[in-house]
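*Asks:* For reference, this is coords.csv, and it has CSV, C-alpha atoms and all ligand atoms.
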chain,number,residue,atom,x,y,z
T,1,MET,CA,-215.1,-18.0,-44.3
T,2,LEU,CA,-216.8,-16.8,-41.2
T,3,VAL,CA,-215.4,-13.5,-40.0
T,4,LYS,CA,-216.1,-11.5,-36.9
T,5,ALA,CA,-215.6,-7.9,-36.1
T,6,VAL,CA,-214.8,-5.5,-33.3
T,7,VAL,CA,-215.8,-1.9,-33.8
T,8,THR,CA,-214.0,0.9,-31.9
T,9,GLY,CA,-212.8,4.4,-32.3
T,10,ASN,CA,-216.3,5.9,-31.8
T,11,TYR,CA,-217.0,4.9,-35.4
T,12,PRO,CA,-220.7,3.9,-35.8
T,13,ASP,CA,-220.2,3.6,-39.5
T,14,GLY,CA,-218.0,0.7,-38.7
T,15,PHE,CA,-221.1,-1.4,-37.8
T,16,ASN,CA,-222.3,-0.9,-41.4
T,17,ILE,CA,-219.1,-2.3,-42.7
T,18,ALA,CA,-219.4,-5.3,-40.4
T,19,ARG,CA,-223.0,-5.8,-41.4
T,20,GLU,CA,-222.1,-5.7,-45.1
T,21,VAL,CA,-219.5,-8.5,-44.8
T,22,ASN,CA,-221.9,-10.5,-42.6
T,23,ALA,CA,-219.4,-10.3,-39.7
T,24,GLU,CA,-220.7,-11.1,-36.2
T,25,VAL,CA,-219.8,-8.1,-34.0
T,26,ILE,CA,-218.1,-9.0,-30.8
T,27,GLY,CA,-218.9,-6.4,-28.2
T,28,ILE,CA,-216.2,-4.6,-26.2
T,29,THR,CA,-216.2,-2.6,-23.0
T,30,GLU,CA,-214.2,0.6,-23.3
T,31,LYS,CA,-213.5,3.1,-20.6
T,32,VAL,CA,-211.0,5.7,-19.5
T,33,PHE,CA,-209.4,5.5,-16.1
T,34,PRO,CA,-209.5,8.6,-13.9
T,35,ASP,CA,-205.8,9.3,-14.8
T,36,GLY,CA,-206.6,9.3,-18.5
T,37,GLU,CA,-205.4,5.8,-19.3
T,38,GLN,CA,-207.5,3.6,-21.5
T,39,TYR,CA,-209.1,0.3,-20.8
T,40,VAL,CA,-210.7,-2.2,-23.2
T,41,ARG,CA,-212.1,-5.7,-22.7
T,42,LEU,CA,-213.6,-8.3,-25.1
T,43,ASP,CA,-217.1,-9.0,-23.8
T,44,GLU,CA,-217.0,-12.6,-25.1
T,45,PRO,CA,-213.4,-13.5,-25.3
T,46,ASP,CA,-214.1,-17.1,-26.2
T,47,LYS,CA,-215.6,-15.9,-29.5
T,48,VAL,CA,-212.4,-14.7,-30.9
T,49,ARG,CA,-210.5,-18.0,-30.6
T,50,ASP,CA,-209.4,-19.4,-34.0
T,51,SER,CA,-211.4,-16.7,-35.8
T,52,THR,CA,-210.4,-14.0,-38.3
T,53,ILE,CA,-211.3,-10.7,-36.7
T,54,LEU,CA,-211.8,-7.4,-38.4
T,55,VAL,CA,-210.9,-4.5,-36.1
T,56,ILE,CA,-212.8,-1.6,-37.5
T,57,SER,CA,-211.8,1.9,-36.3
T,58,THR,CA,-211.1,5.3,-37.6
T,59,MET,CA,-208.2,7.4,-36.2
T,60,TYR,CA,-209.8,10.9,-36.2
T,61,PRO,CA,-210.4,12.7,-34.0
T,62,MET,CA,-208.4,11.5,-31.0
T,63,GLN,CA,-205.6,10.1,-33.1
T,64,ASP,CA,-203.3,9.1,-30.3
T,65,GLN,CA,-206.0,7.4,-28.2
T,66,SER,CA,-207.2,5.5,-31.2
T,67,LEU,CA,-203.8,4.2,-31.9
T,68,LEU,CA,-203.3,3.1,-28.4
T,69,LYS,CA,-206.7,1.5,-28.4
T,70,LEU,CA,-205.8,-0.5,-31.5
T,71,LEU,CA,-202.6,-1.7,-29.8
T,72,ILE,CA,-204.2,-2.9,-26.5
T,73,LEU,CA,-207.0,-4.5,-28.5
T,74,ALA,CA,-204.5,-6.4,-30.5
T,75,ASP,CA,-203.0,-7.7,-27.2
T,76,ALA,CA,-206.4,-8.9,-26.0
T,77,LEU,CA,-207.1,-10.6,-29.4
T,78,ALA,CA,-203.7,-12.4,-29.4
T,79,ARG,CA,-204.1,-13.5,-25.8
T,80,ASN,CA,-207.5,-15.0,-26.6
T,81,GLN,CA,-206.0,-16.8,-29.6
T,82,ALA,CA,-207.6,-15.0,-32.5
T,83,ARG,CA,-206.4,-16.8,-35.7
T,84,GLU,CA,-205.7,-13.5,-37.4
T,85,PHE,CA,-206.8,-9.9,-37.0
T,86,ILE,CA,-207.0,-7.3,-39.8
T,87,GLY,CA,-207.1,-3.6,-39.1
T,88,VAL,CA,-209.8,-1.8,-41.1
T,89,ILE,CA,-208.9,1.8,-40.6
T,90,PRO,CA,-210.5,4.2,-43.1
T,91,TYR,CA,-208.5,7.2,-41.8
T,92,LEU,CA,-205.0,6.2,-40.7
T,93,ALA,CA,-203.5,9.1,-38.8
T,94,TYR,CA,-200.0,10.5,-39.1
T,95,SER,CA,-199.9,9.7,-42.8
T,96,ARG,CA,-198.8,13.2,-43.9
T,97,GLN,CA,-195.4,13.0,-42.0
T,98,ASP,CA,-194.3,10.4,-44.6
T,99,LYS,CA,-190.8,11.7,-45.1
T,100,VAL,CA,-188.1,13.7,-43.4
T,101,PHE,CA,-189.0,17.2,-44.7
T,102,MET,CA,-186.5,18.9,-42.4
T,103,PRO,CA,-183.4,17.4,-40.7
T,104,GLY,CA,-184.1,15.9,-37.4
T,105,GLU,CA,-187.7,14.9,-38.2
T,106,PRO,CA,-189.2,11.4,-37.8
T,107,VAL,CA,-191.1,9.5,-40.5
T,108,SER,CA,-194.2,9.3,-38.2
T,109,ALA,CA,-196.3,7.5,-40.8
T,110,SER,CA,-193.8,4.7,-41.0
T,111,THR,CA,-193.6,4.5,-37.2
T,112,VAL,CA,-197.4,4.0,-37.0
T,113,LEU,CA,-197.4,1.3,-39.6
T,114,ARG,CA,-194.6,-0.6,-38.0
T,115,ILE,CA,-196.1,-0.5,-34.5
T,116,LEU,CA,-199.5,-1.7,-35.8
T,117,LYS,CA,-197.7,-4.5,-37.7
T,118,SER,CA,-195.6,-5.5,-34.7
T,119,ALA,CA,-198.8,-5.5,-32.5
T,120,GLY,CA,-200.0,-8.4,-34.7
T,121,TYR,CA,-202.3,-6.8,-37.3
T,122,SER,CA,-201.8,-9.1,-40.3
T,123,ARG,CA,-203.0,-6.5,-42.9
T,124,LEU,CA,-204.3,-2.9,-42.7
T,125,VAL,CA,-207.1,-1.9,-45.0
T,126,VAL,CA,-207.2,1.9,-45.3
T,127,VAL,CA,-208.9,4.5,-47.5
T,128,ASP,CA,-207.1,7.0,-49.7
T,129,PHE,CA,-203.8,6.7,-47.8
T,130,HIS,CA,-201.8,10.0,-48.2
T,131,SER,CA,-198.3,8.6,-48.8
T,132,ASN,CA,-197.5,7.1,-52.2
T,133,SER,CA,-193.9,6.3,-51.0
T,134,LEU,CA,-195.2,4.3,-48.0
T,135,LEU,CA,-197.8,2.5,-50.1
T,136,SER,CA,-195.0,1.2,-52.1
T,137,ASP,CA,-192.8,0.4,-49.0
T,138,PHE,CA,-195.7,-1.5,-47.3
T,139,LYS,CA,-197.3,-2.8,-50.5
T,140,SER,CA,-197.9,-6.3,-49.3
T,141,TYR,CA,-199.2,-5.0,-46.0
T,142,LEU,CA,-201.4,-2.0,-46.8
T,143,VAL,CA,-204.6,-2.4,-48.8
T,144,ASN,CA,-205.5,1.1,-50.1
T,145,ILE,CA,-209.0,1.8,-51.2
T,146,LEU,CA,-209.6,4.8,-53.5
T,147,VAL,CA,-213.1,6.4,-53.3
T,148,SER,CA,-212.7,9.5,-55.4
T,149,ASP,CA,-214.9,8.1,-58.1
T,150,LEU,CA,-217.8,7.7,-55.6
T,151,LEU,CA,-217.3,11.3,-54.4
T,152,VAL,CA,-217.3,12.8,-57.9
T,153,LYS,CA,-220.2,10.7,-59.0
T,154,ALA,CA,-222.3,12.2,-56.2
T,155,VAL,CA,-222.0,15.6,-57.9
T,156,VAL,CA,-221.3,14.8,-61.6
T,157,ASP,CA,-225.0,15.4,-62.7
T,158,LYS,CA,-224.8,19.0,-61.5
T,159,LEU,CA,-221.6,19.8,-63.5
T,160,ASP,CA,-221.2,21.7,-66.8
T,161,LYS,CA,-218.1,20.9,-68.9
T,162,PRO,CA,-216.4,19.3,-65.9
T,163,VAL,CA,-212.7,18.8,-65.3
T,164,ILE,CA,-211.2,17.0,-62.3
T,165,LEU,CA,-208.1,18.6,-60.8
T,166,ALA,CA,-205.7,17.3,-58.2
T,167,PRO,CA,-204.1,20.1,-56.1
T,168,ASP,CA,-200.7,18.7,-56.7
T,169,LYS,CA,-198.9,16.0,-58.7
T,170,GLY,CA,-198.8,13.6,-55.8
T,171,ALA,CA,-202.6,13.6,-55.7
T,172,LEU,CA,-203.0,13.0,-59.4
T,173,GLU,CA,-203.8,9.3,-59.0
T,174,ARG,CA,-207.0,9.9,-57.1
T,175,ALA,CA,-208.1,12.6,-59.7
T,176,ARG,CA,-207.2,10.2,-62.6
T,177,PHE,CA,-209.1,7.3,-60.9
T,178,ALA,CA,-212.3,9.4,-60.6
T,179,ALA,CA,-212.0,11.0,-64.0
T,180,GLU,CA,-211.3,7.8,-65.9
T,181,SER,CA,-214.1,5.9,-64.3
T,182,ILE,CA,-216.6,8.6,-65.4
T,183,GLY,CA,-214.9,9.6,-68.6
T,184,LEU,CA,-213.9,13.1,-67.7
T,185,ASP,CA,-210.8,15.3,-68.2
T,186,TYR,CA,-208.3,15.6,-65.4
T,187,ASP,CA,-205.1,17.4,-64.6
T,188,TYR,CA,-203.1,18.7,-61.6
T,189,LEU,CA,-201.9,22.0,-60.2
T,190,VAL,CA,-198.2,22.5,-59.6
T,191,LYS,CA,-198.1,23.4,-55.9
T,192,SER,CA,-195.2,24.3,-53.7
T,193,ARG,CA,-195.2,24.9,-50.0
T,194,ASP,CA,-192.6,26.7,-47.9
T,195,ARG,CA,-191.8,24.2,-45.2
T,196,VAL,CA,-190.9,27.0,-42.7
T,197,THR,CA,-193.7,29.6,-43.3
T,198,GLY,CA,-196.3,27.1,-44.7
T,199,ALA,CA,-197.1,29.5,-47.5
T,200,VAL,CA,-198.5,27.8,-50.6
T,201,SER,CA,-197.9,29.0,-54.2
T,202,TYR,CA,-199.0,27.5,-57.5
T,203,ALA,CA,-197.6,27.5,-61.1
T,204,PRO,CA,-200.0,27.1,-64.0
T,205,ARG,CA,-201.1,23.6,-65.2
T,206,GLU,CA,-201.9,22.5,-68.7
T,207,VAL,CA,-205.7,22.0,-69.0
T,208,SER,CA,-207.7,25.2,-69.4
T,209,VAL,CA,-210.5,25.7,-66.8
T,210,GLU,CA,-212.0,28.7,-68.7
T,211,GLY,CA,-215.8,28.4,-68.5
T,212,ARG,CA,-215.7,24.9,-67.0
T,213,ASP,CA,-216.9,23.5,-63.7
T,214,VAL,CA,-213.9,22.2,-61.7
T,215,VAL,CA,-213.9,19.4,-59.1
T,216,ILE,CA,-210.8,19.6,-56.9
T,217,VAL,CA,-210.1,16.1,-55.6
T,218,ASP,CA,-207.9,15.7,-52.5
T,219,ASP,CA,-207.3,13.2,-49.8
T,220,ILE,CA,-207.4,15.4,-46.7
T,221,ILE,CA,-209.0,18.7,-45.9
T,222,SER,CA,-207.4,20.0,-42.7
T,223,THR,CA,-207.2,23.8,-42.3
T,224,GLY,CA,-208.8,24.2,-45.8
T,225,GLY,CA,-205.8,26.3,-46.9
T,226,THR,CA,-204.9,24.2,-49.9
T,227,ILE,CA,-208.4,24.1,-51.3
T,228,ALA,CA,-209.1,27.8,-50.6
T,229,GLU,CA,-205.9,28.8,-52.4
T,230,ALA,CA,-206.5,26.5,-55.3
T,231,SER,CA,-210.1,27.6,-55.7
T,232,ARG,CA,-209.2,31.3,-55.7
T,233,ILE,CA,-206.6,30.7,-58.4
T,234,LEU,CA,-208.9,28.6,-60.5
T,235,LEU,CA,-211.7,31.1,-60.3
T,236,LYS,CA,-209.3,33.9,-61.3
T,237,GLN,CA,-208.3,31.7,-64.3
T,238,GLY,CA,-211.9,31.6,-65.4
T,239,ALA,CA,-213.3,28.5,-63.9
T,240,ARG,CA,-217.1,28.6,-63.8
T,241,ARG,CA,-217.7,26.9,-60.5
T,242,ILE,CA,-215.6,25.0,-58.0
T,243,PHE,CA,-216.7,21.8,-56.2
T,244,VAL,CA,-214.5,19.8,-53.8
T,245,ALA,CA,-214.3,16.1,-53.2
T,246,ALA,CA,-212.1,14.8,-50.4
T,247,SER,CA,-211.8,11.5,-48.6
T,248,HIS,CA,-211.1,12.8,-45.2
T,249,GLY,CA,-212.8,16.0,-44.1
T,250,LEU,CA,-210.9,16.9,-40.9
T,251,MET,CA,-212.2,20.5,-41.3
T,252,ILE,CA,-210.2,22.0,-38.5
T,253,GLY,CA,-211.2,25.4,-37.0
T,254,ASN,CA,-212.6,27.7,-39.7
T,255,ALA,CA,-211.7,25.4,-42.6
T,256,LEU,CA,-215.3,25.5,-43.8
T,257,SER,CA,-215.7,29.3,-43.9
T,258,ARG,CA,-212.2,29.6,-45.5
T,259,ILE,CA,-213.3,27.3,-48.3
T,260,MET,CA,-216.7,28.8,-48.8
T,261,ASP,CA,-215.2,32.4,-48.7
T,262,ALA,CA,-212.9,31.3,-51.6
T,263,GLY,CA,-216.0,30.6,-53.7
T,264,VAL,CA,-216.5,26.9,-53.4
T,265,GLN,CA,-220.0,25.7,-54.2
T,266,ARG,CA,-220.1,22.4,-52.4
T,267,ILE,CA,-217.9,19.9,-50.5
T,268,ILE,CA,-218.3,16.2,-50.9
T,269,LEU,CA,-216.7,14.0,-48.2
T,270,ALA,CA,-216.4,10.3,-47.5
T,271,ASN,CA,-217.6,9.0,-44.1
T,272,THR,CA,-214.1,7.9,-42.9
T,273,LEU,CA,-214.1,9.8,-39.6
T,274,SER,CA,-216.1,9.7,-36.4
T,275,SER,CA,-216.7,13.5,-36.6
T,276,ARG,CA,-219.1,15.1,-39.1
T,277,LEU,CA,-219.8,18.7,-40.1
T,278,GLU,CA,-223.5,19.5,-40.4
T,279,HIS,CA,-223.8,22.1,-43.1
T,280,PRO,CA,-226.1,22.5,-46.1
T,281,LEU,CA,-223.1,22.8,-48.5
T,282,VAL,CA,-221.4,19.7,-47.1
T,283,GLU,CA,-222.4,16.3,-48.3
T,284,TYR,CA,-221.2,12.9,-47.0
T,285,VAL,CA,-221.0,9.8,-49.2
T,286,ASP,CA,-221.2,6.4,-47.5
T,287,ILE,CA,-218.3,4.3,-48.7
T,288,SER,CA,-219.1,1.3,-46.5
T,289,SER,CA,-220.1,-0.9,-49.5
T,290,ARG,CA,-216.8,-0.2,-51.3
T,291,ILE,CA,-214.8,-1.1,-48.1
T,292,ALA,CA,-216.9,-4.2,-47.6
T,293,SER,CA,-216.4,-5.4,-51.2
T,294,VAL,CA,-212.6,-5.1,-50.8
T,295,LEU,CA,-212.8,-7.0,-47.5
T,296,ARG,CA,-214.8,-9.8,-49.0
T,297,GLU,CA,-212.1,-10.3,-51.7
T,298,LEU,CA,-209.4,-10.1,-49.1
T,299,ILE,CA,-211.0,-12.6,-46.8
T,300,GLN,CA,-211.7,-15.1,-49.6
T,301,ALA,CA,-208.2,-14.9,-51.0
A,401,LIG,C1,-201.2,17.6,-48.7
A,401,LIG,O1,-200.3,17.1,-49.3
A,401,LIG,C2,-202.6,16.9,-48.5
A,401,LIG,O2,-202.8,16.1,-49.6
A,401,LIG,C3,-203.6,17.9,-48.4
A,401,LIG,O3,-203.7,18.7,-49.6
A,401,LIG,C4,-203.4,18.8,-47.2
A,401,LIG,O4,-203.1,18.0,-46.1
A,401,LIG,C5,-204.5,19.7,-46.9
A,401,LIG,O5,-204.2,20.5,-45.8
A,401,LIG,P1,-204.9,21.9,-45.6
A,401,LIG,O6,-206.4,21.7,-45.7
A,401,LIG,O7,-204.5,22.3,-44.2
A,401,LIG,O8,-204.4,22.8,-46.6
What does this structure look like when you write it as structure tokens?

*Replies:*
Amino acid sequence: MLVKAVVTGNYPDGFNIAREVNAEVIGITEKVFPDGEQYVRLDEPDKVRDSTILVISTMYPMQDQSLLKLLILADALARNQAREFIGVIPYLAYSRQDKVFMPGEPVSASTVLRILKSAGYSRLVVVDFHSNSLLSDFKSYLVNILVSDLLVKAVVDKLDKPVILAPDKGALERARFAAESIGLDYDYLVKSRDRVTGAVSYAPREVSVEGRDVVIVDDIISTGGTIAEASRILLKQGARRIFVAASHGLMIGNALSRIMDAGVQRIILANTLSSRLEHPLVEYVDISSRIASVLRELIQA
């Protein structure tokens, strides 16, 4: 089936995804009005009629603007009689507020999913979605792509007696996915976070890291606190070297120096965001082909 694509969210890597599925890219004009409101227009509206359109965008940085752009684009696509439009959103923002942690909170991740669905997106294709509970609630709607295997493979040749670790039990699936595809050991750390102070503490896990290279696999690096803390503990427990593989490297503020100060050798990130950190110890893995192969299956189904 012939598909077409619209790429937005300042995500140039989205054009690679479109190219890999042979989707014709329909241009859009985007601007911001003087008062800060956003504007978008399909340059060739006739081209969307009766077509399946992939709307490819990331949602970091500028999470709120990206969300609104996706909503108004959906309106333009529906008005111009697109047959179907699929959101291809490697980083879906707000995913970490996936439950009510303290009374009075919203479940923001669910809100975002529901508004994208009600805007008309028939499916959402995402990378390494944070929330296991919402993956199950939205299982016929969300297509979640794991890439931890690609990230670990980028560094595996450099490792000695490697073990893949998730920083908590909830992250175990992505560590297992990477480890089993390469044939390595894996485990998780038992982490708890004080919801008021944010302080993180760990209890011991089962696999010994003594004398081994560890790859910590996580979905998001935000402030770097989780990785820094886990790395320090693992090095104290005798780990030889620490590598980090994460799908979404937000790397807020001094996250990089925090992680490096904790003794991490190298950080491997997927290209799911429109921002990149240029640093000799940070490496990006292009996951466009993985996304494209999932899209091909989805479109043909
Ligand atoms: C938490 O559940 C996530 O999977 C990440 O571990 C967390 O968001 C990382 O945040 P930070 O880098 O601020 O510790």

*Asks:* I'd like the neighbourhood of stretch 45-54 of chain T as a PyMOL selection string, where a residue qualifies if any of its atoms comes within 9 Å (using only C-alpha atoms), though same-chain residues fewer than 2 positions away should be ignored.

*Replies:* chain T and resi 1-7+18+23+26+41-43+56+76-78+80-88+299

*Asks:* Take the residues just selected and output them with C-alpha atoms as a tab-separated table (two decimals), in the frame of the given file.

*Replies:*
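Now in selection-v9.tsv:
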chain	number	residue	atom	x	y	z
T	1	MET	CA	-215.10	-18.00	-44.30
T	2	LEU	CA	-216.80	-16.80	-41.20
T	3	VAL	CA	-215.40	-13.50	-40.00
T	4	LYS	CA	-216.10	-11.50	-36.90
T	5	ALA	CA	-215.60	-7.90	-36.10
T	6	VAL	CA	-214.80	-5.50	-33.30
T	7	VAL	CA	-215.80	-1.90	-33.80
T	18	ALA	CA	-219.40	-5.30	-40.40
T	23	ALA	CA	-219.40	-10.30	-39.70
T	26	ILE	CA	-218.10	-9.00	-30.80
T	41	ARG	CA	-212.10	-5.70	-22.70
T	42	LEU	CA	-213.60	-8.30	-25.10
T	43	ASP	CA	-217.10	-9.00	-23.80
T	56	ILE	CA	-212.80	-1.60	-37.50
T	76	ALA	CA	-206.40	-8.90	-26.00
T	77	LEU	CA	-207.10	-10.60	-29.40
T	78	ALA	CA	-203.70	-12.40	-29.40
T	80	ASN	CA	-207.50	-15.00	-26.60
T	81	GLN	CA	-206.00	-16.80	-29.60
T	82	ALA	CA	-207.60	-15.00	-32.50
T	83	ARG	CA	-206.40	-16.80	-35.70
T	84	GLU	CA	-205.70	-13.50	-37.40
T	85	PHE	CA	-206.80	-9.90	-37.00
T	86	ILE	CA	-207.00	-7.30	-39.80
T	87	GLY	CA	-207.10	-3.60	-39.10
T	88	VAL	CA	-209.80	-1.80	-41.10
T	299	ILE	CA	-211.00	-12.60	-46.80

*Asks:* Within 9 Å of ligand LIG 401 (chain A), which residues of chain T show up? Give each one with its shortest atom-to-atom distance in Å (one decimal) and the two atoms involved, counting only C-alpha atoms and all ligand atoms, rows by chain then rising residue number, as JSON lines.

*Replies:*
{"residue": "T:Arg96", "atom": "CA", "partner": "A:LIG401", "partner_atom": "O4", "distance": 6.8}
{"residue": "T:His130", "atom": "CA", "partner": "A:LIG401", "partner_atom": "O2", "distance": 6.3}
{"residue": "T:Ser131", "atom": "CA", "partner": "A:LIG401", "partner_atom": "O1", "distance": 8.7}
{"residue": "T:Ala166", "atom": "CA", "partner": "A:LIG401", "partner_atom": "O3", "distance": 8.9}
{"residue": "T:Pro167", "atom": "CA", "partner": "A:LIG401", "partner_atom": "O3", "distance": 6.7}
{"residue": "T:Asp168", "atom": "CA", "partner": "A:LIG401", "partner_atom": "O1", "distance": 7.6}
{"residue": "T:Gly170", "atom": "CA", "partner": "A:LIG401", "partner_atom": "O1", "distance": 7.5}
{"residue": "T:Ala171", "atom": "CA", "partner": "A:LIG401", "partner_atom": "O2", "distance": 6.6}
{"residue": "T:Val200", "atom": "CA", "partner": "A:LIG401", "partner_atom": "O8", "distance": 8.7}
{"residue": "T:Asp218", "atom": "CA", "partner": "A:LIG401", "partner_atom": "O2", "distance": 5.9}
{"residue": "T:Asp219", "atom": "CA", "partner": "A:LIG401", "partner_atom": "O2", "distance": 5.4}
{"residue": "T:Ile220", "atom": "CA", "partner": "A:LIG401", "partner_atom": "C3", "distance": 4.9}
{"residue": "T:Ile221", "atom": "CA", "partner": "A:LIG401", "partner_atom": "O6", "distance": 4.0}
{"residue": "T:Ser222", "atom": "CA", "partner": "A:LIG401", "partner_atom": "O6", "distance": 3.6}
{"residue": "T:Thr223", "atom": "CA", "partner": "A:LIG401", "partner_atom": "O7", "distance": 3.6}
{"residue": "T:Gly224", "atom": "CA", "partner": "A:LIG401", "partner_atom": "O6", "distance": 3.5}
{"residue": "T:Gly225", "atom": "CA", "partner": "A:LIG401", "partner_atom": "O8", "distance": 3.8}
{"residue": "T:Thr226", "atom": "CA", "partner": "A:LIG401", "partner_atom": "O8", "distance": 3.6}
{"residue": "T:Ile227", "atom": "CA", "partner": "A:LIG401", "partner_atom": "O8", "distance": 6.3}
{"residue": "T:Ala228", "atom": "CA", "partner": "A:LIG401", "partner_atom": "O8", "distance": 7.9}
{"residue": "T:Glu229", "atom": "CA", "partner": "A:LIG401", "partner_atom": "O8", "distance": 8.5}
{"residue": "T:Gly249", "atom": "CA", "partner": "A:LIG401", "partner_atom": "O6", "distance": 8.7}
{"residue": "T:Leu250", "atom": "CA", "partner": "A:LIG401", "partner_atom": "O6", "distance": 8.1}
{"residue": "T:Met251", "atom": "CA", "partner": "A:LIG401", "partner_atom": "O6", "distance": 7.4}
{"residue": "T:Ile252", "atom": "CA", "partner": "A:LIG401", "partner_atom": "O7", "distance": 8.1}
{"residue": "T:Ala255", "atom": "CA", "partner": "A:LIG401", "partner_atom": "O6", "distance": 7.2}

*Asks:* When you look at T:Glu180 with a cut-off of 12 Å (counting all atoms listed in the file), what residues show up, excluding the ones that are within fewer than 6 positions of it in the same chain? I need them as a ChimeraX atom specification.

*Replies:* /T:148-149,152-153,163-164,172-174,186-187

*Asks:* Between T:Val112, T:Leu150, T:Val155, T:Leu184, which one has atoms that come closest to T:Ser289, using only C-alpha atoms?

*Replies:*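 Looking only at the distances to T:Ser289, the closest residue turns out to be T:Leu150.
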
*Asks:* Between T:Leu189, T:Ile242, T:Leu116, T:Val55, single out the one closest to T:Val207, counting all atoms listed in the file.

*Replies:*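 Selected residue with least distance to T:Val207: T:Leu189.
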
*Asks:* Figure out the distance between atom CA of T:Val40 and atom CA of T:Gly9, please, to one decimal in Å.

*Replies:*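 Taking atom CA of T:Gly9 as the start and atom CA of T:Val40 as the end point, the length is 11.4 Å.
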
*Asks:* Just give me the gap between atom CA of T:Ile145 and atom CA of T:Ile291 in Å, one decimal is fine.

*Replies:*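 Separation of atom CA of T:Ile145 and atom CA of T:Ile291: 7.2 Å.
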
*Asks:* What does the structure give for the distance between atom CA of T:Lys158 and atom CA of T:Glu210, in Å to one decimal?

*Replies:*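 Rounded to one decimal, the two atoms are 17.6 Å apart.
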
*Asks:* Return the single residue from T:Asp194, T:Asp128, T:Glu37, T:Glu206 that is closest to T:Met102, with distances computed using all atoms listed in the file.

*Replies:* T:Asp194

*Asks:* Go through T:Val127, T:Val217, T:Ala109, T:Ala301 one by one, measure the shortest atom-to-atom distance of each to T:Ser288 using all atoms listed in the file, and give the residue with the smallest value.

*Replies:*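 Selected residue with least distance to T:Ser288: T:Val127.
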
*Asks:* Between T:Pro162, T:Gly211, T:Pro61, T:Pro103, which has the minimum distance to T:Gly238 (counting all atoms listed in the file)?

*Replies:*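 Looking only at the distances to T:Gly238, the closest residue turns out to be T:Gly211.
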
*Asks:* Of the residues T:Tyr284, T:Tyr91, T:Tyr60, T:Phe243, which is the one nearest to T:Asp213, using all atoms listed in the file?

*Replies:*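 Distance minimum relative to T:Asp213 lands on T:Phe243.
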
*Asks:* If I put a ball of radius 8 Å at (-208.8, 6.1, -44.1) in the file's coordinates, which residues poke into it when counting all atoms listed in the file, written as a PyMOL selection string?

*Replies:* chain T and resi 58+89-92+126-129+247-248+272-273

*Asks:* Put those residues in a file: C-alpha atoms, as an mmCIF file, keeping the file's coordinate frame.

*Replies:*
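In the end it all went to result04.cif:
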data_model
loop_
_atom_site.group_PDB
_atom_site.id
_atom_site.type_symbol
_atom_site.label_atom_id
_atom_site.label_comp_id
_atom_site.auth_asym_id
_atom_site.auth_seq_id
_atom_site.Cartn_x
_atom_site.Cartn_y
_atom_site.Cartn_z
ATOM 1 C CA THR T 58 -211.100 5.300 -37.600
ATOM 2 C CA ILE T 89 -208.900 1.800 -40.600
ATOM 3 C CA PRO T 90 -210.500 4.200 -43.100
ATOM 4 C CA TYR T 91 -208.500 7.200 -41.800
ATOM 5 C CA LEU T 92 -205.000 6.200 -40.700
ATOM 6 C CA VAL T 126 -207.200 1.900 -45.300
ATOM 7 C CA VAL T 127 -208.900 4.500 -47.500
ATOM 8 C CA ASP T 128 -207.100 7.000 -49.700
ATOM 9 C CA PHE T 129 -203.800 6.700 -47.800
ATOM 10 C CA SER T 247 -211.800 11.500 -48.600
ATOM 11 C CA HIS T 248 -211.100 12.800 -45.200
ATOM 12 C CA THR T 272 -214.100 7.900 -42.900
ATOM 13 C CA LEU T 273 -214.100 9.800 -39.600
#

*Asks:* Can you tell me which residues surround T:Ser133 at a distance of at most 9 Å, considering all atoms listed in the file, apart from same-chain residues fewer than 4 positions away, and format the answer as a list of chain:residue names?

*Replies:*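 Neighbouring residues, sequence-local ones excluded: T:Asp98, T:Lys99, T:Asp137, T:Phe138.
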
*Asks:* Would you write out those residues with C-alpha atoms, as a compact mmCIF listing (two decimals), in the frame of the given file?

*Replies:*
# COMPACT_ATOMS: atom_id res chain seq x y z
CA ASP T 98 -194.30 10.40 -44.60
CA LYS T 99 -190.80 11.70 -45.10
CA ASP T 137 -192.80 0.40 -49.00
CA PHE T 138 -195.70 -1.50 -47.30

*Asks:* Write out as a ChimeraX atom specification each polymer residue whose atoms come within 9 Å of T:Tyr141, counting only C-alpha atoms; drop sequence neighbours fewer than 3 positions from it.

*Replies:* /T:117,122-125,135,137-138
